[in-house]
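With mmCIF, C-alpha atoms inside, this is data34.cif:
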data_work
#
loop_
_atom_site.label_atom_id
_atom_site.label_comp_id
_atom_site.auth_asym_id
_atom_site.auth_seq_id
_atom_site.Cartn_x
_atom_site.Cartn_y
_atom_site.Cartn_z
CA MET A 1 21.04 -21.44 11.40
CA GLY A 2 22.37 -21.20 7.88
CA THR A 3 24.74 -18.51 6.71
CA HIS A 4 24.76 -16.66 3.43
CA HIS A 5 27.07 -14.14 1.82
CA GLY A 6 30.26 -13.65 3.81
CA GLY A 7 28.83 -15.47 6.82
CA LEU A 8 25.74 -13.27 6.95
CA ASP A 9 22.98 -15.02 8.88
CA PRO A 10 19.36 -13.95 9.48
CA THR A 11 20.31 -12.17 12.70
CA ASP A 12 22.94 -10.10 10.89
CA ALA A 13 20.42 -9.33 8.16
CA HIS A 14 17.87 -8.22 10.77
CA LEU A 15 20.46 -5.96 12.39
CA ALA A 16 21.34 -4.43 9.02
CA LEU A 17 17.65 -3.82 8.31
CA ASP A 18 17.34 -2.25 11.76
CA ASP A 19 20.18 0.11 10.86
CA VAL A 20 18.34 1.09 7.67
CA ALA A 21 15.08 1.74 9.53
CA ASN A 22 16.80 3.68 12.33
CA ALA A 23 18.67 5.92 9.90
CA ARG A 24 15.46 6.70 8.02
CA ASN A 25 13.59 7.45 11.23
CA ARG A 26 16.27 9.94 12.25
CA LEU A 27 16.09 11.59 8.84
CA ALA A 28 12.27 11.75 8.97
CA ASP A 29 12.51 13.44 12.38
CA HIS A 30 14.80 16.02 10.81
CA VAL A 31 12.90 16.97 7.66
CA GLY A 32 9.91 18.81 9.09
CA LEU A 33 9.25 21.93 7.09
CA PRO A 34 9.65 25.41 8.56
CA ARG A 35 6.31 27.12 9.23
CA TRP A 36 7.14 30.04 6.96
CA TYR A 37 7.04 27.77 3.94
CA GLY A 38 3.32 26.97 4.06
CA VAL A 39 2.39 30.55 4.99
CA GLY A 40 4.60 31.98 2.25
CA LEU A 41 3.30 29.57 -0.38
CA GLY A 42 -0.31 30.25 0.60
CA LEU A 43 0.11 34.03 0.52
CA SER A 44 1.96 33.89 -2.79
CA LEU A 45 -0.72 31.79 -4.47
CA ALA A 46 -3.49 33.93 -2.99
CA THR A 47 -1.80 37.02 -4.45
CA ALA A 48 -1.63 35.27 -7.83
CA PHE A 49 -5.39 34.75 -7.66
CA LEU A 50 -5.93 38.41 -6.84
CA ALA A 51 -3.76 39.29 -9.85
CA LEU A 52 -6.25 37.41 -12.05
CA GLY A 53 -8.63 40.26 -11.33
CA ALA A 54 -6.32 42.80 -12.95
CA SER A 55 -6.21 43.28 -16.67
CA GLY A 56 -3.58 42.72 -19.36
CA ALA A 57 0.09 42.74 -18.51
CA VAL A 58 -0.49 43.25 -14.78
CA ALA A 59 -2.43 39.98 -14.57
CA VAL A 60 0.17 38.06 -16.57
CA ALA A 61 3.07 39.47 -14.55
CA GLY A 62 1.24 38.91 -11.26
CA VAL A 63 0.44 35.28 -12.05
CA ALA A 64 3.95 34.59 -13.34
CA LEU A 65 5.53 36.15 -10.27
CA PHE A 66 3.30 34.78 -7.52
CA ALA A 67 2.22 31.45 -9.03
CA VAL A 68 5.59 30.46 -10.48
CA LEU A 69 8.65 32.47 -9.47
CA VAL A 70 7.93 32.99 -5.76
CA PRO A 71 6.89 29.32 -5.20
CA LEU A 72 10.07 28.19 -6.99
CA ALA A 73 12.13 30.48 -4.77
CA LEU A 74 10.35 29.07 -1.70
CA PHE A 75 11.06 25.48 -2.82
CA ARG A 76 14.73 26.38 -3.21
CA MET A 77 14.89 28.14 0.17
CA VAL A 78 13.27 25.24 1.99
CA ARG A 79 15.63 22.79 0.28
CA ARG A 80 18.59 24.82 1.41
CA SER A 81 17.28 25.28 4.95
CA THR A 82 16.47 21.59 5.53
CA GLY A 83 19.29 20.07 3.47
CA VAL A 84 16.79 17.67 1.91
CA HIS A 85 15.65 17.58 -1.71
CA GLN A 86 12.52 15.46 -1.72
CA ASP A 87 9.49 15.33 -3.96
CA ARG A 88 6.81 16.12 -1.41
CA TYR A 89 3.87 16.40 -3.79
CA LEU A 90 3.71 13.17 -5.77
CA GLY A 91 2.18 10.30 -3.86
CA THR A 92 0.97 12.53 -1.01
CA PRO A 93 -2.18 14.63 -0.46
CA GLY A 94 -0.12 17.28 -2.26
CA PHE A 95 -1.41 16.08 -5.61
CA LEU A 96 -4.81 17.50 -4.56
CA LEU A 97 -3.31 20.98 -4.56
CA VAL A 98 -2.93 21.18 -8.34
CA PRO A 99 -6.51 20.34 -9.40
CA GLY A 100 -7.84 22.24 -6.38
CA LEU A 101 -5.98 25.39 -7.32
CA ALA A 102 -6.86 24.98 -11.02
CA LEU A 103 -10.55 24.77 -10.08
CA LEU A 104 -10.26 27.89 -7.96
CA GLY A 105 -8.52 29.66 -10.86
CA VAL A 106 -11.37 28.82 -13.23
CA LEU A 107 -13.86 30.02 -10.60
CA ALA A 108 -11.95 33.27 -10.09
CA VAL A 109 -11.79 34.02 -13.82
CA ALA A 110 -15.46 33.15 -14.27
CA LEU A 111 -16.58 35.41 -11.43
CA ARG A 112 -14.40 38.31 -12.52
CA TRP A 113 -14.73 38.23 -16.30
CA THR A 114 -17.94 36.32 -17.02
CA VAL A 115 -20.22 37.37 -14.19
CA GLY A 116 -18.45 40.73 -13.97
CA LEU A 117 -17.89 40.83 -10.21
CA HIS A 118 -14.89 43.10 -9.60
CA TRP A 119 -14.19 41.38 -6.27
CA GLY A 120 -14.73 37.98 -7.91
CA THR A 121 -11.16 36.79 -7.40
CA VAL A 122 -11.14 37.49 -3.66
CA PRO A 123 -13.07 34.35 -2.57
CA SER A 124 -10.79 32.19 -4.70
CA ALA A 125 -7.71 33.87 -3.24
CA VAL A 126 -8.94 33.26 0.31
CA ALA A 127 -9.87 29.67 -0.58
CA ALA A 128 -6.40 29.10 -2.09
CA LEU A 129 -4.74 30.39 1.08
CA VAL A 130 -6.93 28.19 3.29
CA LEU A 131 -6.38 25.16 1.03
CA VAL A 132 -2.59 25.52 1.19
CA LEU A 133 -2.56 26.15 4.95
CA LEU A 134 -4.77 23.11 5.55
CA LEU A 135 -2.98 20.75 3.17
CA GLU A 136 0.66 21.65 3.81
CA PRO A 137 0.89 20.09 7.31
CA ARG A 138 -0.73 16.92 5.95
CA ILE A 139 1.65 16.86 2.99
CA ASP A 140 4.55 17.32 5.38
CA ALA A 141 3.38 14.51 7.67
CA GLU A 142 2.82 12.20 4.70
CA ALA A 143 6.27 12.99 3.31
CA GLN A 144 7.80 12.06 6.68
CA ARG A 145 5.80 8.82 6.78
CA GLY A 146 6.99 8.12 3.24
CA LEU A 147 10.59 8.38 4.38
CA ARG A 148 10.05 5.95 7.25
CA ARG A 149 8.21 3.44 5.05
CA ALA A 150 10.42 3.74 1.97
CA PRO A 151 10.98 0.39 0.23
CA MET B 152 24.59 -11.07 -7.60
CA SER B 153 22.14 -9.21 -5.32
CA PHE B 154 24.45 -8.94 -2.37
CA ASP B 155 26.67 -5.86 -2.82
CA PRO B 156 29.73 -5.81 -0.52
CA VAL B 157 30.29 -2.10 -1.25
CA VAL B 158 26.80 -1.25 -0.04
CA HIS B 159 26.75 -3.69 2.86
CA ALA B 160 29.25 -1.94 5.19
CA PRO B 161 27.08 -0.48 7.97
CA HIS B 162 27.68 3.22 7.39
CA ARG B 163 27.48 2.89 3.62
CA LEU B 164 24.26 0.91 3.90
CA GLN B 165 22.78 3.70 6.02
CA VAL B 166 23.97 6.39 3.62
CA CYS B 167 22.22 4.57 0.76
CA ALA B 168 19.12 4.04 2.92
CA LEU B 169 18.89 7.77 3.59
CA LEU B 170 19.34 8.69 -0.06
CA ALA B 171 17.02 6.10 -1.60
CA PRO B 172 13.71 7.85 -0.82
CA VAL B 173 14.90 11.38 -1.69
CA ALA B 174 16.42 13.16 -4.67
CA SER B 175 19.49 14.37 -2.78
CA LEU B 176 20.76 15.29 0.69
CA GLU B 177 23.18 17.82 2.05
CA LEU B 178 26.15 16.02 3.59
CA GLY B 179 25.61 17.67 6.98
CA VAL B 180 22.13 16.16 7.17
CA VAL B 181 23.58 12.70 6.49
CA ARG B 182 26.21 13.23 9.18
CA ASP B 183 23.60 14.33 11.73
CA ALA B 184 21.34 11.38 10.91
CA LEU B 185 24.16 8.86 11.26
CA ASP B 186 25.90 10.67 14.13
CA ILE B 187 29.39 9.88 12.87
CA PRO B 188 32.50 12.08 12.50
CA ARG B 189 32.92 14.03 9.29
CA SER B 190 36.15 12.22 8.41
CA VAL B 191 34.47 8.80 8.68
CA LEU B 192 31.55 9.92 6.54
CA ASP B 193 33.87 11.44 3.94
CA ALA B 194 35.73 8.14 3.63
CA GLU B 195 32.52 6.13 3.24
CA VAL B 196 31.12 8.58 0.71
CA ARG B 197 34.38 8.45 -1.25
CA ILE B 198 34.08 4.66 -1.54
CA LEU B 199 30.50 4.93 -2.78
CA LEU B 200 31.49 7.67 -5.24
CA ASP B 201 34.38 5.58 -6.57
CA ALA B 202 32.04 2.59 -6.98
CA GLY B 203 29.68 4.74 -9.05
CA HIS B 204 26.84 4.37 -6.54
CA LEU B 205 26.81 8.06 -5.59
CA ARG B 206 27.20 11.32 -7.41
CA GLU B 207 28.16 14.60 -5.89
CA ILE B 208 26.11 17.64 -6.79
CA ARG B 209 28.32 20.66 -7.22
CA PRO B 210 26.95 23.64 -5.34
CA ARG B 211 26.89 27.09 -6.82
CA ALA B 212 29.26 29.71 -5.50
CA ALA B 213 26.70 31.10 -3.06
CA ALA B 214 26.40 27.75 -1.31
CA ARG B 215 30.01 26.68 -1.62
CA ALA B 216 30.19 25.37 1.94
CA SER B 217 27.50 22.77 1.37
CA ARG B 218 27.99 19.47 -0.42
CA TRP B 219 25.04 17.49 -1.73
CA ILE B 220 25.03 13.83 -2.66
CA ALA B 221 22.55 11.61 -4.49
CA LEU B 222 22.31 7.97 -5.50
CA THR B 223 23.05 7.26 -9.16
CA ASP B 224 20.65 5.01 -11.06
CA PRO B 225 23.03 2.02 -10.76
CA GLY B 226 23.52 2.85 -7.07
CA ARG B 227 19.77 2.97 -6.50
CA SER B 228 19.36 -0.40 -8.22
CA ALA B 229 22.25 -1.92 -6.29
CA PHE B 230 20.82 -0.74 -2.98
CA ALA B 231 17.32 -2.01 -3.85
CA ARG B 232 18.70 -5.44 -4.79
CA HIS B 233 20.86 -5.54 -1.66
CA LEU B 234 17.88 -4.68 0.53
CA GLU B 235 15.84 -7.42 -1.09
CA GLU B 236 18.65 -9.86 -0.40
CA LEU B 237 18.82 -8.79 3.25
CA ARG B 238 15.07 -9.28 3.56
CA ARG B 239 15.32 -12.68 1.94
CA ILE B 240 18.04 -13.75 4.35
CA ALA B 241 16.15 -12.26 7.31
CA GLY B 242 12.95 -13.90 6.11
CA THR B 243 10.92 -10.72 6.49
CA SER B 244 8.20 -9.34 4.29
CA PRO B 245 9.23 -6.85 1.57
CA ARG B 246 8.04 -3.89 3.61
CA TYR B 247 10.16 -4.28 6.69
CA ASP B 248 8.82 -2.38 9.69
CA SER B 249 11.29 -2.00 12.55
CA SER B 250 8.61 -0.45 14.76
CA ASP B 251 6.69 -3.70 14.77
CA PRO B 252 8.46 -6.02 17.23
CA VAL B 253 6.24 -8.98 16.36
CA LYS B 254 6.95 -8.74 12.64
CA LYS B 255 10.56 -7.89 13.34
CA ARG B 256 11.30 -10.99 15.33
CA ALA B 257 8.90 -13.31 13.51
#

Step by step, read the file and then write its structure as structure tokens.
Amino acid sequence: MGTHHGGLDPTDAHLALDDVANARNRLADHVGLPRWYGVGLGLSLATAFLALGASGAVAVAGVALFAVLVPLALFRMVRRSTGVHQDRYLGTPGFLLVPGLALLGVLAVALRWTVGLHWGTVPSAVAALVLVLLLEPRIDAEAQRGLRRAP
Amino acid sequence: MSFDPVVHAPHRLQVCALLAPVASLELGVVRDALDIPRSVLDAEVRILLDAGHLREIRPRAAARASRWIALTDPGRSAFARHLEELRRIAGTSPRYDSSDPVKKRA
């Protein structure tokens, strides 16, 4: 069996690769998201959709608060609570969230301001909540798989 | 050269392996994942910092107790090249899967 750098042979290299895989598996076991994150994100985005039904400054403030500021605060809280800063949305089912939510936003605005239904934003708000609650566990699982399979 | 002696030491290799797929990690998470004493981890992290492979992210006052670390771009490249070299020596496919005993020992 030939040796390489510093006497490293294939067995040593296998053991080193085992160490890499084991460390990543332990990290993946650790990074599961707290349940409050998905619930909080879903409720925040649903509230933002409801705010679309208001008029003027209330709608703008509601969307800015619940679609931007609260989700950013949740991202920061979850980062601090898990000790892991990881992009969980690119390369996972998470990328479906953005077009899905944008579509629901268009639907909500159309129902409220084009069709004139005063409750028109409610179905979109409920759909946004359900979408987040359904997708978040899958995003979380995919993020953990991504850690284990990282190149 | 692909083989990086700074990265290759077992604990340092594992630290880099943990950091490669994420943006940054809190040091306590690294310590828990590796199950090594704080003093040992601090020494290994110091070596990687001095080599320019790691950067420390300064916490704000509210989170003063926590220390975060991340791979630098050169550190990420060095680790990727080192991993490729290990796979070449081991004769495994690029996507090494330790859960697959057949592939692992092939």

What's the 12 Å shell around region 223-233 of chain B, counting all atoms listed in the file, without same-chain residues fewer than 5 positions away, as number ranges by chain?
A: 5, 13, 16-17, 20, 150-151; B: 152-160, 163-175, 199-208, 238-240, 245

What would the selection look like, as a ChimeraX atom specification, if the PyMOL selection byres ((chain A and resi 136) around 10) were run on the coordinates I just shared?
/A:33,35,37-39,41-42,88-89,93-94,97,131-135,137-142

Taking all atoms listed in the file into account, report as a PyMOL selection string which residues of chain A lie within 9 Å of chain B.
chain A and resi 3-6+8-14+16-27+30+80+82-87+146-151

Using only C-alpha atoms, please write the residues we just selected to a file, as a compact mmCIF listing (two decimals), in the frame of the given file.
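In the end it all went to again06.txt:
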# COMPACT_ATOMS: atom_id res chain seq x y z
CA THR A 3 24.74 -18.51 6.71
CA HIS A 4 24.76 -16.66 3.43
CA HIS A 5 27.07 -14.14 1.82
CA GLY A 6 30.26 -13.65 3.81
CA LEU A 8 25.74 -13.27 6.95
CA ASP A 9 22.98 -15.02 8.88
CA PRO A 10 19.36 -13.95 9.48
CA THR A 11 20.31 -12.17 12.70
CA ASP A 12 22.94 -10.10 10.89
CA ALA A 13 20.42 -9.33 8.16
CA HIS A 14 17.87 -8.22 10.77
CA ALA A 16 21.34 -4.43 9.02
CA LEU A 17 17.65 -3.82 8.31
CA ASP A 18 17.34 -2.25 11.76
CA ASP A 19 20.18 0.11 10.86
CA VAL A 20 18.34 1.09 7.67
CA ALA A 21 15.08 1.74 9.53
CA ASN A 22 16.80 3.68 12.33
CA ALA A 23 18.67 5.92 9.90
CA ARG A 24 15.46 6.70 8.02
CA ASN A 25 13.59 7.45 11.23
CA ARG A 26 16.27 9.94 12.25
CA LEU A 27 16.09 11.59 8.84
CA HIS A 30 14.80 16.02 10.81
CA ARG A 80 18.59 24.82 1.41
CA THR A 82 16.47 21.59 5.53
CA GLY A 83 19.29 20.07 3.47
CA VAL A 84 16.79 17.67 1.91
CA HIS A 85 15.65 17.58 -1.71
CA GLN A 86 12.52 15.46 -1.72
CA ASP A 87 9.49 15.33 -3.96
CA GLY A 146 6.99 8.12 3.24
CA LEU A 147 10.59 8.38 4.38
CA ARG A 148 10.05 5.95 7.25
CA ARG A 149 8.21 3.44 5.05
CA ALA A 150 10.42 3.74 1.97
CA PRO A 151 10.98 0.39 0.23

Matched chain/residue IDs from the PyMOL selection byres ((chain A and resi 123) around 10), as number ranges by chain:
A: 46, 49-50, 104, 107-108, 111, 119-122, 124-129

Show me, as a PyMOL selection string, the residues that have an atom within 12 Å of region 58-60 of chain A when counting all atoms listed in the file, minus same-chain residues fewer than 5 positions from it.
chain A and resi 47-53+65-68+109+121
